[in-house]
$ cat upload13.cif   # mmCIF, N, CA and C atoms
data_final
loop_
_atom_site.label_atom_id
_atom_site.label_comp_id
_atom_site.auth_asym_id
_atom_site.auth_seq_id
_atom_site.Cartn_x
_atom_site.Cartn_y
_atom_site.Cartn_z
N MET Z 19 38.61 -1.81 5.44
CA MET Z 19 37.26 -1.45 5.83
C MET Z 19 36.29 -1.64 4.67
N PHE Z 20 36.71 -1.24 3.46
CA PHE Z 20 35.83 -1.35 2.32
C PHE Z 20 36.00 -2.67 1.59
N ALA Z 21 36.98 -3.45 1.99
CA ALA Z 21 37.24 -4.71 1.30
C ALA Z 21 36.11 -5.69 1.52
N GLU Z 22 35.50 -5.66 2.70
CA GLU Z 22 34.42 -6.61 2.94
C GLU Z 22 33.11 -6.18 2.31
N LEU Z 23 33.02 -4.90 1.90
CA LEU Z 23 31.79 -4.44 1.26
C LEU Z 23 31.70 -4.86 -0.19
N LYS Z 24 32.84 -4.93 -0.88
CA LYS Z 24 32.82 -5.22 -2.31
C LYS Z 24 33.43 -6.60 -2.55
N THR Z 25 32.90 -7.27 -3.54
CA THR Z 25 33.45 -8.58 -3.90
C THR Z 25 34.60 -8.39 -4.87
N PRO Z 26 35.67 -9.13 -4.74
CA PRO Z 26 36.79 -8.97 -5.66
C PRO Z 26 36.43 -9.46 -7.05
N ALA Z 27 36.98 -8.77 -8.05
CA ALA Z 27 36.69 -9.12 -9.44
C ALA Z 27 37.47 -10.34 -9.88
N SER Z 28 38.49 -10.73 -9.11
CA SER Z 28 39.31 -11.88 -9.50
C SER Z 28 38.55 -13.20 -9.35
N GLU Z 29 37.47 -13.21 -8.60
CA GLU Z 29 36.68 -14.43 -8.42
C GLU Z 29 35.80 -14.72 -9.63
N GLY Z 30 35.74 -13.82 -10.57
CA GLY Z 30 34.90 -14.03 -11.74
C GLY Z 30 33.54 -13.37 -11.60
N ASN Z 31 33.28 -12.75 -10.48
CA ASN Z 31 32.02 -12.07 -10.27
C ASN Z 31 32.23 -10.59 -10.59
N HIS Z 32 31.75 -10.16 -11.76
CA HIS Z 32 31.96 -8.78 -12.17
C HIS Z 32 30.76 -7.91 -11.84
N LYS Z 33 29.76 -8.50 -11.22
CA LYS Z 33 28.58 -7.73 -10.86
C LYS Z 33 28.85 -6.95 -9.59
N LYS Z 34 28.11 -5.88 -9.43
CA LYS Z 34 28.24 -5.05 -8.25
C LYS Z 34 27.65 -5.79 -7.06
N ALA Z 35 28.30 -5.69 -5.92
CA ALA Z 35 27.82 -6.38 -4.73
C ALA Z 35 26.58 -5.67 -4.20
N ILE Z 36 25.65 -6.44 -3.69
CA ILE Z 36 24.45 -5.88 -3.10
C ILE Z 36 24.74 -5.64 -1.62
N VAL Z 37 24.79 -4.38 -1.25
CA VAL Z 37 25.10 -4.00 0.12
C VAL Z 37 23.91 -3.26 0.68
N PRO Z 38 23.47 -3.57 1.87
CA PRO Z 38 22.35 -2.84 2.45
C PRO Z 38 22.68 -1.36 2.60
N THR Z 39 21.70 -0.51 2.44
CA THR Z 39 21.94 0.92 2.49
C THR Z 39 22.36 1.38 3.87
N GLN Z 40 21.93 0.68 4.91
CA GLN Z 40 22.33 1.07 6.26
C GLN Z 40 23.82 0.86 6.46
N ALA Z 41 24.38 -0.21 5.90
CA ALA Z 41 25.82 -0.46 6.02
C ALA Z 41 26.61 0.58 5.24
N CYS Z 42 26.14 0.93 4.04
CA CYS Z 42 26.80 1.96 3.25
C CYS Z 42 26.73 3.30 3.96
N LYS Z 43 25.58 3.59 4.54
CA LYS Z 43 25.42 4.87 5.24
C LYS Z 43 26.33 4.94 6.46
N ALA Z 44 26.48 3.82 7.18
CA ALA Z 44 27.36 3.81 8.34
C ALA Z 44 28.80 4.05 7.94
N CYS Z 45 29.24 3.45 6.83
CA CYS Z 45 30.60 3.66 6.34
C CYS Z 45 30.79 5.10 5.86
N ALA Z 46 29.76 5.65 5.20
CA ALA Z 46 29.85 7.01 4.70
C ALA Z 46 29.89 8.02 5.84
N VAL Z 47 29.28 7.71 6.96
CA VAL Z 47 29.32 8.60 8.13
C VAL Z 47 30.68 8.54 8.80
N GLN Z 48 31.30 7.38 8.83
CA GLN Z 48 32.58 7.22 9.51
C GLN Z 48 33.74 7.86 8.75
N LEU Z 49 33.66 7.91 7.43
CA LEU Z 49 34.77 8.46 6.64
C LEU Z 49 35.08 9.91 6.96
N PRO Z 50 34.11 10.84 6.95
CA PRO Z 50 34.46 12.23 7.27
C PRO Z 50 34.94 12.42 8.71
N GLU Z 51 34.48 11.57 9.61
CA GLU Z 51 34.90 11.69 11.00
C GLU Z 51 36.35 11.25 11.17
N ASN Z 52 36.73 10.16 10.52
CA ASN Z 52 38.07 9.60 10.69
C ASN Z 52 39.10 10.21 9.75
N HIS Z 53 38.69 10.62 8.56
CA HIS Z 53 39.60 11.14 7.55
C HIS Z 53 39.11 12.51 7.10
N SER Z 54 39.96 13.26 6.48
CA SER Z 54 39.55 14.57 5.99
C SER Z 54 38.95 14.41 4.58
N VAL Z 55 37.73 13.92 4.56
CA VAL Z 55 37.02 13.65 3.31
C VAL Z 55 35.67 14.35 3.39
N THR Z 56 35.24 14.93 2.28
CA THR Z 56 33.92 15.56 2.27
C THR Z 56 32.83 14.49 2.20
N MET Z 57 31.61 14.93 2.44
CA MET Z 57 30.48 14.00 2.43
C MET Z 57 30.25 13.45 1.02
N ALA Z 58 30.42 14.30 0.01
CA ALA Z 58 30.22 13.84 -1.38
C ALA Z 58 31.27 12.80 -1.76
N MET Z 59 32.49 13.02 -1.32
CA MET Z 59 33.55 12.06 -1.63
C MET Z 59 33.33 10.74 -0.89
N SER Z 60 32.89 10.82 0.35
CA SER Z 60 32.65 9.59 1.11
C SER Z 60 31.51 8.78 0.49
N CYS Z 61 30.49 9.47 -0.01
CA CYS Z 61 29.40 8.76 -0.68
C CYS Z 61 29.88 8.13 -1.99
N ALA Z 62 30.77 8.81 -2.69
CA ALA Z 62 31.31 8.25 -3.93
C ALA Z 62 32.20 7.04 -3.65
N ILE Z 63 32.95 7.06 -2.56
CA ILE Z 63 33.81 5.94 -2.19
C ILE Z 63 32.98 4.71 -1.87
N VAL Z 64 31.88 4.91 -1.18
CA VAL Z 64 31.03 3.80 -0.74
C VAL Z 64 30.08 3.36 -1.84
N ASP Z 65 30.02 4.10 -2.96
CA ASP Z 65 29.12 3.82 -4.08
C ASP Z 65 27.65 3.97 -3.69
N SER Z 66 27.35 5.04 -3.01
CA SER Z 66 25.95 5.37 -2.72
C SER Z 66 25.74 6.83 -3.06
N SER Z 67 24.52 7.20 -3.28
CA SER Z 67 24.22 8.59 -3.63
C SER Z 67 24.09 9.43 -2.37
N ARG Z 68 24.20 10.74 -2.58
CA ARG Z 68 24.04 11.64 -1.44
C ARG Z 68 22.59 11.64 -0.97
N CYS Z 69 21.68 11.39 -1.89
CA CYS Z 69 20.27 11.31 -1.51
C CYS Z 69 20.04 10.16 -0.52
N ALA Z 70 20.70 9.04 -0.77
CA ALA Z 70 20.57 7.89 0.13
C ALA Z 70 21.19 8.20 1.48
N TYR Z 71 22.22 9.04 1.51
CA TYR Z 71 22.85 9.39 2.78
C TYR Z 71 21.92 10.25 3.62
N TYR Z 72 21.27 11.22 3.00
CA TYR Z 72 20.42 12.15 3.74
C TYR Z 72 19.00 11.64 3.95
N TYR Z 73 18.65 10.54 3.33
CA TYR Z 73 17.29 10.03 3.42
C TYR Z 73 16.98 9.55 4.83
N GLN Z 74 15.84 9.97 5.35
CA GLN Z 74 15.38 9.50 6.65
C GLN Z 74 14.06 8.77 6.43
N LEU Z 75 14.00 7.55 6.91
CA LEU Z 75 12.83 6.72 6.73
C LEU Z 75 11.65 7.29 7.49
N LYS Z 76 10.52 7.42 6.81
CA LYS Z 76 9.32 7.93 7.44
C LYS Z 76 8.48 6.75 7.91
N LEU Z 77 8.38 6.56 9.18
CA LEU Z 77 7.55 5.49 9.70
C LEU Z 77 6.11 5.99 9.76
N PRO Z 78 5.21 5.29 9.10
CA PRO Z 78 3.82 5.79 9.07
C PRO Z 78 3.15 5.62 10.43
N ASP Z 79 2.62 6.73 10.91
CA ASP Z 79 1.84 6.68 12.14
C ASP Z 79 0.37 6.71 11.74
N ASP Z 80 -0.23 5.55 11.72
CA ASP Z 80 -1.59 5.42 11.21
C ASP Z 80 -2.64 5.52 12.31
N SER Z 81 -2.27 5.90 13.50
CA SER Z 81 -3.23 5.92 14.61
C SER Z 81 -4.32 6.96 14.38
N VAL Z 82 -3.98 8.09 13.74
CA VAL Z 82 -4.99 9.12 13.48
C VAL Z 82 -6.00 8.62 12.45
N ILE Z 83 -5.50 7.95 11.42
CA ILE Z 83 -6.40 7.43 10.39
C ILE Z 83 -7.31 6.35 10.98
N VAL Z 84 -6.75 5.51 11.85
CA VAL Z 84 -7.54 4.46 12.49
C VAL Z 84 -8.65 5.08 13.34
N SER Z 85 -8.32 6.12 14.08
CA SER Z 85 -9.33 6.73 14.94
C SER Z 85 -10.42 7.42 14.13
N VAL Z 86 -10.05 8.09 13.04
CA VAL Z 86 -11.06 8.76 12.20
C VAL Z 86 -11.94 7.73 11.52
N LEU Z 87 -11.34 6.67 10.98
CA LEU Z 87 -12.14 5.62 10.32
C LEU Z 87 -13.08 4.93 11.30
N SER Z 88 -12.60 4.65 12.50
CA SER Z 88 -13.45 3.97 13.47
C SER Z 88 -14.58 4.88 13.94
N ALA Z 89 -14.32 6.19 14.03
CA ALA Z 89 -15.39 7.11 14.42
C ALA Z 89 -16.48 7.19 13.36
N ILE Z 90 -16.08 7.17 12.09
CA ILE Z 90 -17.07 7.23 11.00
C ILE Z 90 -17.83 5.92 10.91
N THR Z 91 -17.13 4.79 11.07
CA THR Z 91 -17.81 3.49 10.94
C THR Z 91 -18.74 3.21 12.11
N ASP Z 92 -18.52 3.84 13.26
CA ASP Z 92 -19.46 3.66 14.36
C ASP Z 92 -20.82 4.26 14.03
N ARG Z 93 -20.81 5.38 13.29
CA ARG Z 93 -22.07 6.03 12.95
C ARG Z 93 -22.72 5.43 11.70
N HIS Z 94 -21.91 5.03 10.74
CA HIS Z 94 -22.44 4.55 9.46
C HIS Z 94 -21.84 3.18 9.17
N LEU Z 95 -22.56 2.14 9.53
CA LEU Z 95 -22.03 0.78 9.44
C LEU Z 95 -21.97 0.24 8.02
N HIS Z 96 -22.96 0.56 7.21
CA HIS Z 96 -23.08 -0.09 5.91
C HIS Z 96 -22.58 0.75 4.75
N TRP Z 97 -21.77 1.75 5.02
CA TRP Z 97 -21.16 2.50 3.94
C TRP Z 97 -19.98 1.72 3.40
N GLY Z 98 -19.62 2.00 2.17
CA GLY Z 98 -18.45 1.38 1.58
C GLY Z 98 -17.25 2.32 1.65
N PHE Z 99 -16.13 1.88 1.11
CA PHE Z 99 -14.91 2.68 1.18
C PHE Z 99 -15.03 4.04 0.49
N PRO Z 100 -15.64 4.14 -0.71
CA PRO Z 100 -15.69 5.47 -1.34
C PRO Z 100 -16.43 6.51 -0.50
N LYS Z 101 -17.51 6.10 0.15
CA LYS Z 101 -18.23 7.06 1.00
C LYS Z 101 -17.41 7.44 2.23
N TYR Z 102 -16.74 6.44 2.82
CA TYR Z 102 -15.87 6.75 3.96
C TYR Z 102 -14.78 7.72 3.55
N PHE Z 103 -14.17 7.48 2.39
CA PHE Z 103 -13.07 8.32 1.96
C PHE Z 103 -13.54 9.73 1.65
N ASN Z 104 -14.72 9.86 1.03
CA ASN Z 104 -15.27 11.19 0.76
C ASN Z 104 -15.57 11.93 2.06
N ARG Z 105 -16.07 11.22 3.06
CA ARG Z 105 -16.35 11.86 4.35
C ARG Z 105 -15.05 12.32 5.01
N ILE Z 106 -14.00 11.52 4.89
CA ILE Z 106 -12.69 11.90 5.45
C ILE Z 106 -12.18 13.15 4.75
N ARG Z 107 -12.35 13.24 3.43
CA ARG Z 107 -11.93 14.43 2.71
C ARG Z 107 -12.74 15.65 3.12
N LYS Z 108 -14.05 15.46 3.37
CA LYS Z 108 -14.89 16.58 3.80
C LYS Z 108 -14.50 17.06 5.20
N LEU Z 109 -13.96 16.16 6.01
CA LEU Z 109 -13.50 16.55 7.35
C LEU Z 109 -12.20 17.33 7.30
N GLY Z 110 -11.53 17.35 6.15
CA GLY Z 110 -10.34 18.18 5.99
C GLY Z 110 -9.03 17.42 5.99
N TYR Z 111 -9.06 16.10 6.00
CA TYR Z 111 -7.83 15.32 5.97
C TYR Z 111 -7.46 15.02 4.52
N ASN Z 112 -6.20 15.20 4.16
CA ASN Z 112 -5.75 14.98 2.79
C ASN Z 112 -4.83 13.78 2.73
N TRP Z 113 -5.32 12.64 3.14
CA TRP Z 113 -4.53 11.42 3.10
C TRP Z 113 -4.72 10.75 1.74
N ASN Z 114 -3.71 10.01 1.34
CA ASN Z 114 -3.75 9.27 0.09
C ASN Z 114 -4.80 8.16 0.19
N HIS Z 115 -5.58 7.96 -0.88
CA HIS Z 115 -6.64 6.96 -0.82
C HIS Z 115 -6.09 5.54 -0.68
N LYS Z 116 -4.87 5.30 -1.21
CA LYS Z 116 -4.29 3.95 -1.09
C LYS Z 116 -3.89 3.67 0.35
N ARG Z 117 -3.41 4.68 1.05
CA ARG Z 117 -3.05 4.52 2.46
C ARG Z 117 -4.29 4.28 3.31
N VAL Z 118 -5.34 5.06 3.05
CA VAL Z 118 -6.59 4.90 3.80
C VAL Z 118 -7.20 3.54 3.50
N HIS Z 119 -7.14 3.08 2.24
CA HIS Z 119 -7.71 1.79 1.89
C HIS Z 119 -6.93 0.64 2.53
N ARG Z 120 -5.61 0.79 2.65
CA ARG Z 120 -4.80 -0.24 3.31
C ARG Z 120 -5.22 -0.39 4.77
N ILE Z 121 -5.44 0.73 5.45
CA ILE Z 121 -5.86 0.68 6.85
C ILE Z 121 -7.30 0.19 6.95
N TYR Z 122 -8.14 0.57 5.98
CA TYR Z 122 -9.53 0.13 5.93
C TYR Z 122 -9.59 -1.40 5.84
N CYS Z 123 -8.71 -1.99 5.05
CA CYS Z 123 -8.67 -3.45 4.92
C CYS Z 123 -8.04 -4.10 6.15
N GLN Z 124 -7.06 -3.45 6.77
CA GLN Z 124 -6.45 -4.00 7.97
C GLN Z 124 -7.45 -4.06 9.13
N LEU Z 125 -8.34 -3.09 9.17
CA LEU Z 125 -9.38 -3.09 10.21
C LEU Z 125 -10.53 -4.03 9.87
N LYS Z 126 -10.45 -4.67 8.71
CA LYS Z 126 -11.47 -5.61 8.22
C LYS Z 126 -12.84 -4.95 8.13
N LEU Z 127 -12.84 -3.75 7.57
CA LEU Z 127 -14.09 -3.03 7.39
C LEU Z 127 -14.69 -3.26 6.02
N ASN Z 128 -13.92 -3.91 5.12
CA ASN Z 128 -14.43 -4.11 3.78
C ASN Z 128 -15.58 -5.11 3.82
N LEU Z 129 -16.71 -4.66 3.30
CA LEU Z 129 -17.94 -5.44 3.35
C LEU Z 129 -18.01 -6.37 2.16
N ARG Z 130 -18.75 -7.45 2.33
CA ARG Z 130 -18.99 -8.38 1.24
C ARG Z 130 -19.97 -7.73 0.27
N VAL Z 131 -19.65 -7.78 -1.00
CA VAL Z 131 -20.51 -7.19 -2.02
C VAL Z 131 -21.61 -8.19 -2.32
N LYS Z 132 -22.85 -7.77 -2.07
CA LYS Z 132 -23.99 -8.65 -2.31
C LYS Z 132 -24.53 -8.36 -3.71
N ARG Z 133 -24.30 -9.27 -4.61
CA ARG Z 133 -24.76 -9.12 -5.98
C ARG Z 133 -26.24 -9.50 -6.08
N LYS Z 134 -26.88 -9.00 -7.11
CA LYS Z 134 -28.27 -9.37 -7.34
C LYS Z 134 -28.32 -10.82 -7.79
N GLN Z 135 -29.26 -11.56 -7.22
CA GLN Z 135 -29.37 -12.95 -7.60
C GLN Z 135 -30.04 -13.07 -8.97
N ARG Z 136 -29.59 -14.06 -9.70
CA ARG Z 136 -30.11 -14.25 -11.05
C ARG Z 136 -31.49 -14.88 -10.98
N ILE Z 137 -32.41 -14.34 -11.77
CA ILE Z 137 -33.76 -14.91 -11.86
C ILE Z 137 -33.78 -15.80 -13.09
N PHE Z 138 -34.02 -17.07 -12.87
CA PHE Z 138 -34.00 -18.02 -13.98
C PHE Z 138 -35.27 -17.87 -14.79
N ALA Z 139 -35.17 -18.05 -16.10
CA ALA Z 139 -36.31 -17.93 -16.99
C ALA Z 139 -37.25 -19.12 -16.77
N ARG Z 140 -38.51 -18.82 -16.63
CA ARG Z 140 -39.49 -19.90 -16.44
C ARG Z 140 -39.83 -20.53 -17.78
N SER Z 141 -40.18 -21.80 -17.72
CA SER Z 141 -40.58 -22.47 -18.96
C SER Z 141 -41.99 -22.00 -19.33
N THR Z 142 -42.16 -21.68 -20.58
CA THR Z 142 -43.46 -21.19 -21.03
C THR Z 142 -44.38 -22.36 -21.34
N GLU Z 143 -45.57 -22.27 -20.83
CA GLU Z 143 -46.60 -23.30 -21.10
C GLU Z 143 -47.76 -22.62 -21.80
N ASN Z 144 -48.31 -23.31 -22.76
CA ASN Z 144 -49.47 -22.78 -23.46
C ASN Z 144 -50.68 -22.82 -22.54
N LEU Z 145 -51.46 -21.76 -22.60
CA LEU Z 145 -52.68 -21.69 -21.76
C LEU Z 145 -53.79 -22.52 -22.41
N SER Z 146 -54.53 -23.16 -21.54
CA SER Z 146 -55.64 -23.94 -22.09
C SER Z 146 -56.82 -23.03 -22.37
N VAL Z 147 -57.35 -23.16 -23.56
CA VAL Z 147 -58.47 -22.30 -23.98
C VAL Z 147 -59.75 -23.12 -23.86
N PRO Z 148 -60.77 -22.62 -23.13
CA PRO Z 148 -62.02 -23.39 -23.02
C PRO Z 148 -62.78 -23.42 -24.36
N ASN Z 149 -63.43 -24.56 -24.61
CA ASN Z 149 -64.16 -24.72 -25.85
C ASN Z 149 -65.51 -24.01 -25.80
N LYS Z 150 -66.15 -24.04 -24.66
CA LYS Z 150 -67.47 -23.45 -24.51
C LYS Z 150 -67.43 -22.37 -23.44
N LEU Z 151 -68.40 -21.54 -23.42
CA LEU Z 151 -68.51 -20.51 -22.40
C LEU Z 151 -68.79 -21.17 -21.05
N GLY Z 152 -68.15 -20.67 -20.01
CA GLY Z 152 -68.37 -21.20 -18.66
C GLY Z 152 -67.59 -22.46 -18.37
N GLU Z 153 -66.84 -22.98 -19.30
CA GLU Z 153 -66.05 -24.18 -19.07
C GLU Z 153 -64.68 -23.75 -18.52
N CYS Z 154 -64.24 -24.43 -17.50
CA CYS Z 154 -62.96 -24.07 -16.91
C CYS Z 154 -61.87 -25.02 -17.31
#
$ encode --input "upload13.cif" --output "structure tokens"
Amino acid sequence: MFAELKTPASEGNHKKAIVPTQACKACAVQLPENHSVTMAMSCAIVDSSRCAYYYQLKLPDDSVIVSVLSAITDRHLHWGFPKYFNRIRKLGYNWNHKRVHRIYCQLKLNLRVKRKQRIFARSTENLSVPNKLGEC
């Protein structure tokens, strides 16, 4: 069962085999069920940590963030991300700014930054001075 998980050292490959964590977790779950082995021992046999065994992947549900961002952007079209994020914080949501910014960019709300246009220096010309009074 574990022979296919690890590469034999006789082939000249002394590096540890890269095994997906889901496969290691599946083997670690089967060991205590089939044999009288504790969970810590099964994790040690499979070469994975107990933290990896108990870890449950958190799938991000961003629908709440999308709805809050879209509600704010409907009222204030020309605000930028910092103002949106401050408004979200004032509403009482404590989401990470990187997560909110990722969704902000996915919704394509990031506005083009309009820089000030450069004013080119005009060439200086000497003013003509009239020789007599009333001469233009």
$ atom_distance --input "upload13.cif" --atom1 "atom C of Asn128 (chain Z)" --atom2 "atom N of Arg107 (chain Z)"
18.6 Å
$ residues_around --input "upload13.cif" --residues "region 108-123 of chain Z" --least-positions-apart "5" --cutoff "8 Å" --atoms "only N, CA and C atoms" --output "list in words"
Asp80, Ile83, Val84, Leu87, Phe99, Tyr102, Phe103 and Asn128 of chain Z
$ resolve_selection --input "upload13.cif" --expression "the PyMOL selection byres ((chain Z and resi 61) around 8)" --output "ChimeraX atom specification"
/Z:42,45-47,49-50,55-60,62-68,71
$ axis_aligned_box --input "upload13.cif" --around "region 104-110 of chain Z" --padding-each-side "5 Å" --output "AutoDock Vina command-line options"
--center_x -12.7 --center_y 14.0 --center_z 4.1 --size_x 17.3 --size_y 18.3 --size_z 16.6
$ decode --input "upload13.cif" --residues "region 110-130 of chain Z" --atoms "N, CA and C atoms" --output "PDB file, in the first residue's frame"
ATOM      1  N   GLY Z 110     -18.948  47.771   9.644  1.00  0.00           N
ATOM      2  CA  GLY Z 110     -18.758  46.751  10.666  1.00  0.00           C
ATOM      3  C   GLY Z 110     -18.175  45.445  10.175  1.00  0.00           C
ATOM      4  N   TYR Z 111     -17.771  45.376   8.914  1.00  0.00           N
ATOM      5  CA  TYR Z 111     -17.170  44.149   8.392  1.00  0.00           C
ATOM      6  C   TYR Z 111     -15.656  44.211   8.585  1.00  0.00           C
ATOM      7  N   ASN Z 112     -15.069  43.128   9.069  1.00  0.00           N
ATOM      8  CA  ASN Z 112     -13.626  43.088   9.323  1.00  0.00           C
ATOM      9  C   ASN Z 112     -12.953  42.139   8.359  1.00  0.00           C
ATOM     10  N   TRP Z 113     -13.081  42.398   7.087  1.00  0.00           N
ATOM     11  CA  TRP Z 113     -12.445  41.565   6.077  1.00  0.00           C
ATOM     12  C   TRP Z 113     -11.043  42.096   5.806  1.00  0.00           C
ATOM     13  N   ASN Z 114     -10.176  41.204   5.391  1.00  0.00           N
ATOM     14  CA  ASN Z 114      -8.812  41.553   5.047  1.00  0.00           C
ATOM     15  C   ASN Z 114      -8.817  42.438   3.799  1.00  0.00           C
ATOM     16  N   HIS Z 115      -7.975  43.481   3.785  1.00  0.00           N
ATOM     17  CA  HIS Z 115      -7.985  44.403   2.652  1.00  0.00           C
ATOM     18  C   HIS Z 115      -7.514  43.727   1.366  1.00  0.00           C
ATOM     19  N   LYS Z 116      -6.633  42.704   1.486  1.00  0.00           N
ATOM     20  CA  LYS Z 116      -6.164  42.017   0.279  1.00  0.00           C
ATOM     21  C   LYS Z 116      -7.282  41.193  -0.335  1.00  0.00           C
ATOM     22  N   ARG Z 117      -8.113  40.600   0.499  1.00  0.00           N
ATOM     23  CA  ARG Z 117      -9.254  39.825  -0.005  1.00  0.00           C
ATOM     24  C   ARG Z 117     -10.269  40.740  -0.678  1.00  0.00           C
ATOM     25  N   VAL Z 118     -10.558  41.879  -0.036  1.00  0.00           N
ATOM     26  CA  VAL Z 118     -11.507  42.833  -0.617  1.00  0.00           C
ATOM     27  C   VAL Z 118     -10.953  43.400  -1.913  1.00  0.00           C
ATOM     28  N   HIS Z 119      -9.649  43.680  -1.970  1.00  0.00           N
ATOM     29  CA  HIS Z 119      -9.054  44.235  -3.183  1.00  0.00           C
ATOM     30  C   HIS Z 119      -9.067  43.216  -4.317  1.00  0.00           C
ATOM     31  N   ARG Z 120      -8.884  41.936  -3.999  1.00  0.00           N
ATOM     32  CA  ARG Z 120      -8.948  40.887  -5.028  1.00  0.00           C
ATOM     33  C   ARG Z 120     -10.339  40.845  -5.656  1.00  0.00           C
ATOM     34  N   ILE Z 121     -11.368  40.937  -4.835  1.00  0.00           N
ATOM     35  CA  ILE Z 121     -12.738  40.920  -5.354  1.00  0.00           C
ATOM     36  C   ILE Z 121     -13.038  42.220  -6.083  1.00  0.00           C
ATOM     37  N   TYR Z 122     -12.503  43.333  -5.579  1.00  0.00           N
ATOM     38  CA  TYR Z 122     -12.663  44.638  -6.211  1.00  0.00           C
ATOM     39  C   TYR Z 122     -12.114  44.611  -7.634  1.00  0.00           C
ATOM     40  N   CYS Z 123     -10.972  43.962  -7.822  1.00  0.00           N
ATOM     41  CA  CYS Z 123     -10.370  43.857  -9.155  1.00  0.00           C
ATOM     42  C   CYS Z 123     -11.116  42.841 -10.021  1.00  0.00           C
ATOM     43  N   GLN Z 124     -11.640  41.777  -9.424  1.00  0.00           N
ATOM     44  CA  GLN Z 124     -12.402  40.793 -10.191  1.00  0.00           C
ATOM     45  C   GLN Z 124     -13.688  41.396 -10.745  1.00  0.00           C
ATOM     46  N   LEU Z 125     -14.279  42.309  -9.986  1.00  0.00           N
ATOM     47  CA  LEU Z 125     -15.489  42.989 -10.451  1.00  0.00           C
ATOM     48  C   LEU Z 125     -15.173  44.117 -11.431  1.00  0.00           C
ATOM     49  N   LYS Z 126     -13.892  44.332 -11.690  1.00  0.00           N
ATOM     50  CA  LYS Z 126     -13.405  45.380 -12.601  1.00  0.00           C
ATOM     51  C   LYS Z 126     -13.890  46.763 -12.183  1.00  0.00           C
ATOM     52  N   LEU Z 127     -13.767  47.015 -10.890  1.00  0.00           N
ATOM     53  CA  LEU Z 127     -14.155  48.315 -10.355  1.00  0.00           C
ATOM     54  C   LEU Z 127     -12.985  49.277 -10.280  1.00  0.00           C
ATOM     55  N   ASN Z 128     -11.762  48.758 -10.511  1.00  0.00           N
ATOM     56  CA  ASN Z 128     -10.602  49.627 -10.393  1.00  0.00           C
ATOM     57  C   ASN Z 128     -10.615  50.639 -11.534  1.00  0.00           C
ATOM     58  N   LEU Z 129     -10.584  51.894 -11.145  1.00  0.00           N
ATOM     59  CA  LEU Z 129     -10.688  52.993 -12.094  1.00  0.00           C
ATOM     60  C   LEU Z 129      -9.320  53.345 -12.647  1.00  0.00           C
ATOM     61  N   ARG Z 130      -9.325  53.921 -13.833  1.00  0.00           N
ATOM     62  CA  ARG Z 130      -8.091  54.402 -14.435  1.00  0.00           C
ATOM     63  C   ARG Z 130      -7.670  55.666 -13.706  1.00  0.00           C
TER      64      ARG Z 130
END
